[in-house]
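Just data-v2.tsv here, TSV, C-alpha atoms:
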```tsv
chain	number	residue	atom	x	y	z
B	11	MET	CA	17.90	-6.46	-22.56
B	12	THR	CA	17.08	-6.12	-18.85
B	13	GLU	CA	14.06	-7.73	-17.21
B	14	LEU	CA	12.40	-4.31	-16.84
B	15	GLU	CA	12.91	-3.59	-20.54
B	16	LYS	CA	11.34	-6.96	-21.38
B	17	ILE	CA	8.35	-6.13	-19.17
B	18	LYS	CA	7.98	-2.73	-20.87
B	19	ARG	CA	8.06	-4.38	-24.30
B	20	ALA	CA	5.48	-6.98	-23.18
B	21	LYS	CA	3.23	-4.15	-21.98
B	22	MET	CA	3.58	-2.40	-25.34
B	23	TYR	CA	2.55	-5.65	-27.09
B	24	MET	CA	-0.47	-6.05	-24.79
B	25	ASP	CA	-1.52	-2.43	-25.40
B	26	LYS	CA	-1.35	-2.90	-29.15
B	27	LEU	CA	-3.19	-6.23	-29.08
B	28	ALA	CA	-5.89	-4.73	-26.82
B	29	ASN	CA	-6.40	-1.97	-29.37
B	30	GLY	CA	-6.56	-4.35	-32.36
B	31	ILE	CA	-3.07	-3.63	-33.71
B	32	ASN	CA	-0.53	-6.27	-34.72
B	33	PRO	CA	2.45	-5.52	-32.45
B	34	LEU	CA	4.95	-6.97	-34.93
B	35	ASP	CA	4.18	-4.78	-37.93
B	36	ASP	CA	1.79	-2.13	-36.50
B	37	THR	CA	-0.99	-2.99	-38.95
B	38	VAL	CA	-4.66	-2.95	-37.95
B	39	VAL	CA	-5.95	-6.46	-37.26
B	40	PRO	CA	-9.10	-7.36	-39.26
B	41	ASP	CA	-12.35	-7.12	-37.25
B	42	GLU	CA	-13.03	-10.85	-37.61
B	43	ASP	CA	-9.60	-11.83	-36.22
B	44	ILE	CA	-9.64	-13.61	-32.85
B	45	VAL	CA	-7.53	-10.80	-31.36
B	46	ASN	CA	-10.56	-8.50	-31.68
B	47	GLN	CA	-12.81	-10.74	-29.59
B	48	VAL	CA	-14.14	-8.63	-26.71
B	49	ARG	CA	-13.11	-11.12	-24.02
B	50	LEU	CA	-9.55	-11.31	-25.36
B	51	SER	CA	-9.33	-7.54	-25.69
B	52	ARG	CA	-10.39	-7.12	-22.05
B	53	CYS	CA	-7.81	-9.72	-21.05
B	54	PHE	CA	-5.09	-7.81	-22.91
B	55	PHE	CA	-6.08	-4.57	-21.14
B	56	PHE	CA	-6.00	-6.38	-17.80
B	57	VAL	CA	-2.55	-7.88	-18.42
B	58	SER	CA	-1.32	-4.48	-19.61
B	59	ASP	CA	-2.47	-2.91	-16.35
B	60	VAL	CA	-0.73	-5.61	-14.31
B	61	LEU	CA	2.46	-4.99	-16.27
B	62	ARG	CA	2.06	-1.24	-15.69
B	63	GLN	CA	1.97	-1.88	-11.94
B	64	VAL	CA	5.09	-4.06	-12.15
B	65	ILE	CA	6.87	-1.32	-14.12
B	66	GLU	CA	5.82	1.31	-11.56
B	67	ASN	CA	7.29	-0.93	-8.86
B	68	GLY	CA	10.59	-1.06	-10.72
B	69	GLY	CA	9.93	-4.56	-11.98
B	70	THR	CA	10.94	-6.10	-8.68
B	71	GLN	CA	7.92	-6.15	-6.41
B	72	PRO	CA	5.06	-8.54	-6.96
B	73	VAL	CA	1.73	-7.03	-7.87
B	74	ARG	CA	-1.35	-7.90	-5.84
B	75	VAL	CA	-4.07	-8.59	-8.32
B	76	GLY	CA	-7.60	-8.48	-6.97
B	77	LYS	CA	-6.48	-7.67	-3.43
B	78	LYS	CA	-6.42	-4.37	-1.68
B	79	GLN	CA	-2.96	-3.15	-0.92
B	80	SER	CA	-2.39	-2.69	2.78
B	81	LYS	CA	-2.49	0.92	3.82
B	82	LEU	CA	0.18	2.79	5.71
B	83	PRO	CA	-0.49	3.83	9.31
B	84	LEU	CA	-2.10	7.25	9.59
B	85	GLU	CA	0.36	10.05	10.29
B	86	VAL	CA	-0.73	13.63	10.84
B	87	PRO	CA	2.24	16.00	11.22
B	88	ALA	CA	2.05	18.82	13.78
B	89	GLU	CA	1.75	21.50	11.10
B	90	LYS	CA	-1.30	19.69	9.67
B	91	ARG	CA	-2.85	19.25	13.13
B	92	SER	CA	-2.65	23.00	13.62
B	93	GLN	CA	-4.98	23.32	10.60
B	94	PHE	CA	-7.74	21.24	12.23
B	95	ALA	CA	-11.07	23.09	11.97
B	96	PHE	CA	-12.35	23.22	15.54
B	97	SER	CA	-16.08	23.79	15.84
B	98	GLU	CA	-17.79	26.04	18.38
B	99	THR	CA	-20.87	23.85	17.92
B	100	PRO	CA	-20.41	20.39	19.44
B	101	ILE	CA	-19.67	17.73	16.80
B	102	THR	CA	-19.58	13.93	16.70
B	103	ALA	CA	-16.50	11.71	16.74
B	104	SER	CA	-17.26	10.91	13.09
B	105	ASP	CA	-17.03	14.62	12.28
B	106	ILE	CA	-13.71	14.85	14.14
B	107	ALA	CA	-12.40	11.83	12.22
B	108	LYS	CA	-13.50	13.32	8.86
B	109	ARG	CA	-11.75	16.59	9.66
B	110	VAL	CA	-8.56	14.78	10.65
B	111	ASN	CA	-8.66	12.63	7.50
B	112	ALA	CA	-9.10	15.76	5.38
B	113	LEU	CA	-5.72	16.99	6.67
B	114	VAL	CA	-3.91	13.96	5.21
B	115	ASP	CA	-2.74	14.15	1.60
B	116	ASN	CA	-1.75	10.50	1.23
B	117	GLU	CA	-4.56	8.25	-0.03
B	118	ASN	CA	-2.46	5.19	0.87
B	119	MET	CA	-2.82	5.87	4.60
B	120	LYS	CA	-5.44	4.35	6.84
B	121	LYS	CA	-8.27	6.64	7.88
B	122	LEU	CA	-9.18	7.66	11.40
B	123	THR	CA	-12.65	6.44	12.39
B	124	TYR	CA	-15.10	7.37	15.13
B	125	TYR	CA	-14.48	3.88	16.50
B	126	ASP	CA	-10.76	4.62	16.94
B	127	ILE	CA	-11.62	7.71	18.98
B	128	ALA	CA	-14.34	6.03	21.06
B	129	ALA	CA	-12.21	2.93	21.72
B	130	TRP	CA	-9.32	5.04	23.03
B	131	LEU	CA	-11.63	7.17	25.17
B	132	THR	CA	-13.10	3.95	26.60
B	133	GLU	CA	-9.60	2.66	27.28
B	134	ILE	CA	-8.72	5.76	29.32
B	135	GLY	CA	-12.05	5.81	31.18
B	136	MET	CA	-13.77	8.75	29.49
B	137	MET	CA	-16.36	6.56	27.73
B	138	GLU	CA	-18.05	3.35	28.80
B	139	LEU	CA	-20.20	0.68	27.21
B	140	THR	CA	-23.81	0.94	28.40
B	141	THR	CA	-27.11	-0.70	27.53
B	142	THR	CA	-29.96	1.50	26.31
B	143	PRO	CA	-33.57	0.93	27.47
B	144	ASP	CA	-34.29	-0.91	24.21
B	145	GLY	CA	-31.43	-3.36	24.90
B	146	LYS	CA	-28.85	-1.99	22.49
B	147	HIS	CA	-25.22	-1.56	23.50
B	148	THR	CA	-23.69	1.88	23.04
B	149	LYS	CA	-20.83	3.99	24.33
B	150	ARG	CA	-21.59	6.93	26.57
B	151	PRO	CA	-19.32	9.42	28.32
B	152	THR	CA	-18.36	8.75	31.92
B	153	LYS	CA	-18.32	11.52	34.51
B	154	HIS	CA	-14.67	12.11	33.59
B	155	GLY	CA	-15.64	12.34	29.91
B	156	GLN	CA	-18.44	14.78	30.66
B	157	GLU	CA	-16.00	16.98	32.57
B	158	ALA	CA	-13.78	17.00	29.47
B	159	GLY	CA	-16.66	18.17	27.25
B	160	ILE	CA	-18.12	14.94	25.90
B	161	PHE	CA	-21.86	14.67	26.31
B	162	VAL	CA	-25.04	13.15	24.90
B	163	GLU	CA	-27.35	15.31	22.86
B	164	GLU	CA	-30.87	14.49	21.70
B	165	ARG	CA	-31.59	15.08	18.05
B	166	THR	CA	-34.55	14.54	15.78
B	167	GLY	CA	-34.17	12.63	12.56
B	168	ARG	CA	-36.49	11.10	10.00
B	169	ASP	CA	-37.08	8.14	12.34
B	170	GLY	CA	-37.76	10.30	15.38
B	171	ILE	CA	-35.73	11.32	18.39
B	172	TYR	CA	-32.31	9.77	18.95
B	173	GLN	CA	-29.25	10.39	21.09
B	174	VAL	CA	-25.77	11.15	19.83
B	175	VAL	CA	-22.45	11.65	21.62
B	176	VAL	CA	-20.94	15.03	20.81
B	177	TYR	CA	-17.67	16.79	21.63
B	178	ASN	CA	-17.45	20.47	22.53
B	179	THR	CA	-14.43	22.57	21.57
B	180	ALA	CA	-12.45	21.54	24.67
B	181	ALA	CA	-13.09	17.84	23.93
B	182	GLN	CA	-12.10	18.36	20.29
B	183	HIS	CA	-8.80	19.88	21.46
B	184	PHE	CA	-8.32	16.93	23.84
B	185	VAL	CA	-8.75	14.45	20.98
B	186	ILE	CA	-6.37	16.31	18.66
B	187	ASP	CA	-3.80	16.82	21.43
B	188	ASN	CA	-3.85	13.04	22.05
B	189	LEU	CA	-4.00	11.93	18.43
B	190	ASP	CA	-0.73	9.98	18.68
B	191	ALA	CA	-2.13	7.90	21.54
B	192	ILE	CA	-5.33	7.27	19.61
B	193	LEU	CA	-3.39	6.17	16.52
B	194	ALA	CA	-1.12	3.90	18.57
```

Do you think you could lay out the structure here as structure tokens?
Amino acid sequence: MTELEKIKRAKMYMDKLANGINPLDDTVVPDEDIVNQVRLSRCFFFVSDVLRQVIENGGTQPVRVGKKQSKLPLEVPAEKRSQFAFSETPITASDIAKRVNALVDNENMKKLTYYDIAAWLTEIGMMELTTTPDGKHTKRPTKHGQEAGIFVEERTGRDGIYQVVVYNTAAQHFVIDNLDAILA
């Protein structure tokens, strides 16, 4: 019997024990039996799930229990980028990021964030860190950024008037055309 077969058999035993079944003779375990204790049953389900992950990994890769698995770098193929929904109405970097992320089918990939976009635009001199009159630090478009279609718009929310950086259609195209640089 191979190691993978042993792991599959152990998972089958855990599944049966978790469901109150004797794995040796397939009889129902009496309710008062220790196997039917809620804490043990939950433990059996947990171990079964760990074994399932090991089986899915071919029995060779360790399973990370309780830790997030690291995500793959974001990749957006050219044919997917061509499906980006450009907006005639200026939108925020968060909206751009959401639309890019919607193009990606793989849940195991990192997501693009507004911060990724703003950080890259700052790096190339289209955005800069400024201080608002109330002492908060924020990123605002430079003259070069404004020429590319990035600007500040005043909006009204439940807490009053606020400013938001928005991207017109030309700026949206600029971001998508430079997505590889942003992701690098």

Counting only C-alpha atoms, find residues at most 9 Å from (-11.3, 12.8, 12.2) (file frame) and give them as an MDAnalysis selection string. chainID B and resid 103:113 121:124 127 186

I'd like the neighbourhood of Gly135 in chain B as a compact mmCIF listing (two decimals) with C-alpha atoms, keeping the file's coordinate frame, where a residue qualifies if any of its atoms comes within 9 Å (using all atoms listed in the file), though same-chain residues fewer than 3 positions away should be ignored.
```
# COMPACT_ATOMS: atom_id res chain seq x y z
CA TRP B 130 -9.32 5.04 23.03
CA LEU B 131 -11.63 7.17 25.17
CA THR B 132 -13.10 3.95 26.60
CA GLU B 138 -18.05 3.35 28.80
CA PRO B 151 -19.32 9.42 28.32
CA THR B 152 -18.36 8.75 31.92
CA HIS B 154 -14.67 12.11 33.59
CA GLY B 155 -15.64 12.34 29.91
```

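Residue nearest Arg62 in chain B, chosen from B:Lys153, B:Lys21, B:Lys26, B:Lys90 and counting all atoms listed in the file: B:Lys21.
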
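Residue nearest Leu189 in chain B, chosen from B:Pro143, B:Val86, B:Ile101, B:Ser92 and counting only C-alpha atoms: B:Val86.
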
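A straight line drawn from CA of Lys18 in chain B to CA of Leu34 in chain B is 15.0 Å long.
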
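Around the point (-12.0, -7.6, -32.0), within 10 Å and counting all atoms listed in the file, we find these residues: Leu27, Ala28, Asn29, Gly30, Ile31, Val39, Pro40, Asp41, Glu42, Asp43, Ile44, Val45, Asn46, Gln47, Val48, Arg49, Leu50 and Ser51 of chain B.
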
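The closest residue to Ala191 in chain B, picked from B:Leu139, B:Met11, B:Leu84, B:Val174 and counting only C-alpha atoms, is B:Leu84.
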
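Nearest residue to Val60 in chain B among B:Ile192, B:Met24, B:Val175, B:Ala181 is B:Met24, counting all atoms listed in the file.
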
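Shortest separation to Gln173 in chain B among B:Ala158, B:Val185, B:Ser58, B:Lys149 occurs at residue B:Lys149, atoms counted being all atoms listed in the file.
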
Which centre and edge lengths in Å to one decimal define the box along x, y and z that fits every listed atom of range 102-105 of chain B plus 8 Å per side, as AutoDock Vina command-line options?
```
--center_x -18.0 --center_y 12.8 --center_z 14.5 --size_x 19.1 --size_y 19.7 --size_z 20.5
```

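Taking CA of Gly145 in chain B and CA of Gly167 in chain B as the two end points, the separation is 20.4 Å.
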
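Comparing the minimum interatomic distances between Phe161 in chain B and each of B:Asp187, B:Pro100, B:Thr148, B:Met119, counting only C-alpha atoms, we find that B:Pro100 sits nearest.
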
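The space separating CA of Gly69 in chain B from CA of Glu15 in chain B comes to 9.1 Å.
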
Any idea what's packed within 9 Å of Ile17 in chain B, counting all atoms listed in the file, ignoring anything in its chain fewer than 5 positions away? Could you give it as a compact mmCIF listing (two decimals) with C-alpha atoms, in the coordinates of the input?
```txt
# COMPACT_ATOMS: atom_id res chain seq x y z
CA THR B 12 17.08 -6.12 -18.85
CA MET B 22 3.58 -2.40 -25.34
CA LEU B 61 2.46 -4.99 -16.27
CA ARG B 62 2.06 -1.24 -15.69
CA VAL B 64 5.09 -4.06 -12.15
CA ILE B 65 6.87 -1.32 -14.12
CA GLY B 69 9.93 -4.56 -11.98
```

Output range 17-28 of chain B with all heavy atoms present, as a PDB file, in the coordinates of the input.
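Output file selection-v6.pdb follows:
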```pdb
ATOM      1  N   ILE B  17       9.710  -6.370 -19.691  1.00  0.00           N
ATOM      2  CA  ILE B  17       8.350  -6.130 -19.170  1.00  0.00           C
ATOM      3  C   ILE B  17       7.716  -4.942 -19.901  1.00  0.00           C
ATOM      4  O   ILE B  17       6.538  -4.990 -20.275  1.00  0.00           O
ATOM      5  CB  ILE B  17       8.388  -5.901 -17.647  1.00  0.00           C
ATOM      6  CG1 ILE B  17       8.825  -7.189 -16.934  1.00  0.00           C
ATOM      7  CG2 ILE B  17       7.032  -5.432 -17.124  1.00  0.00           C
ATOM      8  CD1 ILE B  17       9.155  -7.012 -15.467  1.00  0.00           C
ATOM      9  N   LYS B  18       8.500  -3.894 -20.141  1.00  0.00           N
ATOM     10  CA  LYS B  18       7.980  -2.730 -20.870  1.00  0.00           C
ATOM     11  C   LYS B  18       7.575  -3.111 -22.291  1.00  0.00           C
ATOM     12  O   LYS B  18       6.544  -2.671 -22.801  1.00  0.00           O
ATOM     13  CB  LYS B  18       9.013  -1.603 -20.886  1.00  0.00           C
ATOM     14  CG  LYS B  18       9.169  -0.907 -19.548  1.00  0.00           C
ATOM     15  CD  LYS B  18      10.230   0.186 -19.606  1.00  0.00           C
ATOM     16  CE  LYS B  18      10.385   0.864 -18.262  1.00  0.00           C
ATOM     17  NZ  LYS B  18      11.429   1.899 -18.267  1.00  0.00           N
ATOM     18  N   ARG B  19       8.374  -3.940 -22.937  1.00  0.00           N
ATOM     19  CA  ARG B  19       8.060  -4.380 -24.300  1.00  0.00           C
ATOM     20  C   ARG B  19       6.794  -5.247 -24.282  1.00  0.00           C
ATOM     21  O   ARG B  19       5.907  -5.086 -25.128  1.00  0.00           O
ATOM     22  CB  ARG B  19       9.211  -5.162 -24.918  1.00  0.00           C
ATOM     23  CG  ARG B  19       8.806  -5.738 -26.295  1.00  0.00           C
ATOM     24  CD  ARG B  19       9.948  -6.237 -27.072  1.00  0.00           C
ATOM     25  NE  ARG B  19      10.601  -5.051 -27.632  1.00  0.00           N
ATOM     26  CZ  ARG B  19      11.705  -5.082 -28.350  1.00  0.00           C
ATOM     27  NH1 ARG B  19      12.293  -6.236 -28.584  1.00  0.00           N
ATOM     28  NH2 ARG B  19      12.224  -3.991 -28.835  1.00  0.00           N
ATOM     29  N   ALA B  20       6.675  -6.139 -23.285  1.00  0.00           N
ATOM     30  CA  ALA B  20       5.480  -6.980 -23.180  1.00  0.00           C
ATOM     31  C   ALA B  20       4.238  -6.116 -22.974  1.00  0.00           C
ATOM     32  O   ALA B  20       3.180  -6.376 -23.571  1.00  0.00           O
ATOM     33  CB  ALA B  20       5.637  -7.975 -22.029  1.00  0.00           C
ATOM     34  N   LYS B  21       4.367  -5.064 -22.185  1.00  0.00           N
ATOM     35  CA  LYS B  21       3.230  -4.150 -21.980  1.00  0.00           C
ATOM     36  C   LYS B  21       2.856  -3.467 -23.297  1.00  0.00           C
ATOM     37  O   LYS B  21       1.670  -3.343 -23.621  1.00  0.00           O
ATOM     38  CB  LYS B  21       3.541  -3.103 -20.917  1.00  0.00           C
ATOM     39  CG  LYS B  21       2.351  -2.169 -20.675  1.00  0.00           C
ATOM     40  CD  LYS B  21       2.668  -1.058 -19.731  1.00  0.00           C
ATOM     41  CE  LYS B  21       1.513  -0.120 -19.491  1.00  0.00           C
ATOM     42  NZ  LYS B  21       0.654   0.214 -20.594  1.00  0.00           N
ATOM     43  N   MET B  22       3.853  -3.048 -24.056  1.00  0.00           N
ATOM     44  CA  MET B  22       3.580  -2.400 -25.340  1.00  0.00           C
ATOM     45  C   MET B  22       2.827  -3.374 -26.256  1.00  0.00           C
ATOM     46  O   MET B  22       1.860  -2.991 -26.916  1.00  0.00           O
ATOM     47  CB  MET B  22       4.891  -1.967 -26.004  1.00  0.00           C
ATOM     48  CG  MET B  22       4.700  -1.339 -27.383  1.00  0.00           C
ATOM     49  SD  MET B  22       6.246  -1.092 -28.270  1.00  0.00           S
ATOM     50  CE  MET B  22       6.735  -2.784 -28.588  1.00  0.00           C
ATOM     51  N   TYR B  23       3.230  -4.649 -26.276  1.00  0.00           N
ATOM     52  CA  TYR B  23       2.550  -5.650 -27.090  1.00  0.00           C
ATOM     53  C   TYR B  23       1.091  -5.813 -26.625  1.00  0.00           C
ATOM     54  O   TYR B  23       0.176  -5.887 -27.443  1.00  0.00           O
ATOM     55  CB  TYR B  23       3.262  -6.996 -27.027  1.00  0.00           C
ATOM     56  CG  TYR B  23       4.539  -7.090 -27.838  1.00  0.00           C
ATOM     57  CD1 TYR B  23       5.323  -8.236 -27.786  1.00  0.00           C
ATOM     58  CD2 TYR B  23       4.968  -6.053 -28.651  1.00  0.00           C
ATOM     59  CE1 TYR B  23       6.492  -8.349 -28.525  1.00  0.00           C
ATOM     60  CE2 TYR B  23       6.137  -6.151 -29.393  1.00  0.00           C
ATOM     61  CZ  TYR B  23       6.900  -7.289 -29.327  1.00  0.00           C
ATOM     62  OH  TYR B  23       8.059  -7.389 -30.072  1.00  0.00           O
ATOM     63  N   MET B  24       0.890  -5.890 -25.326  1.00  0.00           N
ATOM     64  CA  MET B  24      -0.470  -6.050 -24.790  1.00  0.00           C
ATOM     65  C   MET B  24      -1.339  -4.847 -25.155  1.00  0.00           C
ATOM     66  O   MET B  24      -2.508  -5.001 -25.534  1.00  0.00           O
ATOM     67  CB  MET B  24      -0.448  -6.228 -23.269  1.00  0.00           C
ATOM     68  CG  MET B  24       0.059  -7.567 -22.792  1.00  0.00           C
ATOM     69  SD  MET B  24      -1.034  -8.915 -23.256  1.00  0.00           S
ATOM     70  CE  MET B  24      -0.042  -9.715 -24.497  1.00  0.00           C
ATOM     71  N   ASP B  25      -0.773  -3.636 -25.040  1.00  0.00           N
ATOM     72  CA  ASP B  25      -1.520  -2.430 -25.400  1.00  0.00           C
ATOM     73  C   ASP B  25      -1.951  -2.474 -26.859  1.00  0.00           C
ATOM     74  O   ASP B  25      -3.097  -2.167 -27.199  1.00  0.00           O
ATOM     75  CB  ASP B  25      -0.686  -1.165 -25.148  1.00  0.00           C
ATOM     76  CG  ASP B  25      -0.480  -0.862 -23.677  1.00  0.00           C
ATOM     77  OD1 ASP B  25      -1.270  -1.352 -22.843  1.00  0.00           O
ATOM     78  OD2 ASP B  25       0.485  -0.123 -23.360  1.00  0.00           O
ATOM     79  N   LYS B  26      -1.038  -2.848 -27.726  1.00  0.00           N
ATOM     80  CA  LYS B  26      -1.350  -2.900 -29.150  1.00  0.00           C
ATOM     81  C   LYS B  26      -2.397  -3.979 -29.437  1.00  0.00           C
ATOM     82  O   LYS B  26      -3.363  -3.736 -30.167  1.00  0.00           O
ATOM     83  CB  LYS B  26      -0.086  -3.123 -29.978  1.00  0.00           C
ATOM     84  CG  LYS B  26       0.799  -1.883 -30.013  1.00  0.00           C
ATOM     85  CD  LYS B  26       2.013  -2.075 -30.890  1.00  0.00           C
ATOM     86  CE  LYS B  26       2.835  -0.784 -30.929  1.00  0.00           C
ATOM     87  NZ  LYS B  26       3.927  -0.852 -31.882  1.00  0.00           N
ATOM     88  N   LEU B  27      -2.218  -5.158 -28.864  1.00  0.00           N
ATOM     89  CA  LEU B  27      -3.190  -6.230 -29.080  1.00  0.00           C
ATOM     90  C   LEU B  27      -4.575  -5.818 -28.563  1.00  0.00           C
ATOM     91  O   LEU B  27      -5.590  -6.062 -29.217  1.00  0.00           O
ATOM     92  CB  LEU B  27      -2.739  -7.517 -28.394  1.00  0.00           C
ATOM     93  CG  LEU B  27      -1.590  -8.261 -29.078  1.00  0.00           C
ATOM     94  CD1 LEU B  27      -1.061  -9.373 -28.173  1.00  0.00           C
ATOM     95  CD2 LEU B  27      -2.040  -8.825 -30.419  1.00  0.00           C
ATOM     96  N   ALA B  28      -4.614  -5.170 -27.395  1.00  0.00           N
ATOM     97  CA  ALA B  28      -5.890  -4.730 -26.820  1.00  0.00           C
ATOM     98  C   ALA B  28      -6.603  -3.741 -27.727  1.00  0.00           C
ATOM     99  O   ALA B  28      -7.831  -3.681 -27.749  1.00  0.00           O
ATOM    100  CB  ALA B  28      -5.653  -4.118 -25.445  1.00  0.00           C
TER     101      ALA B  28
END
```
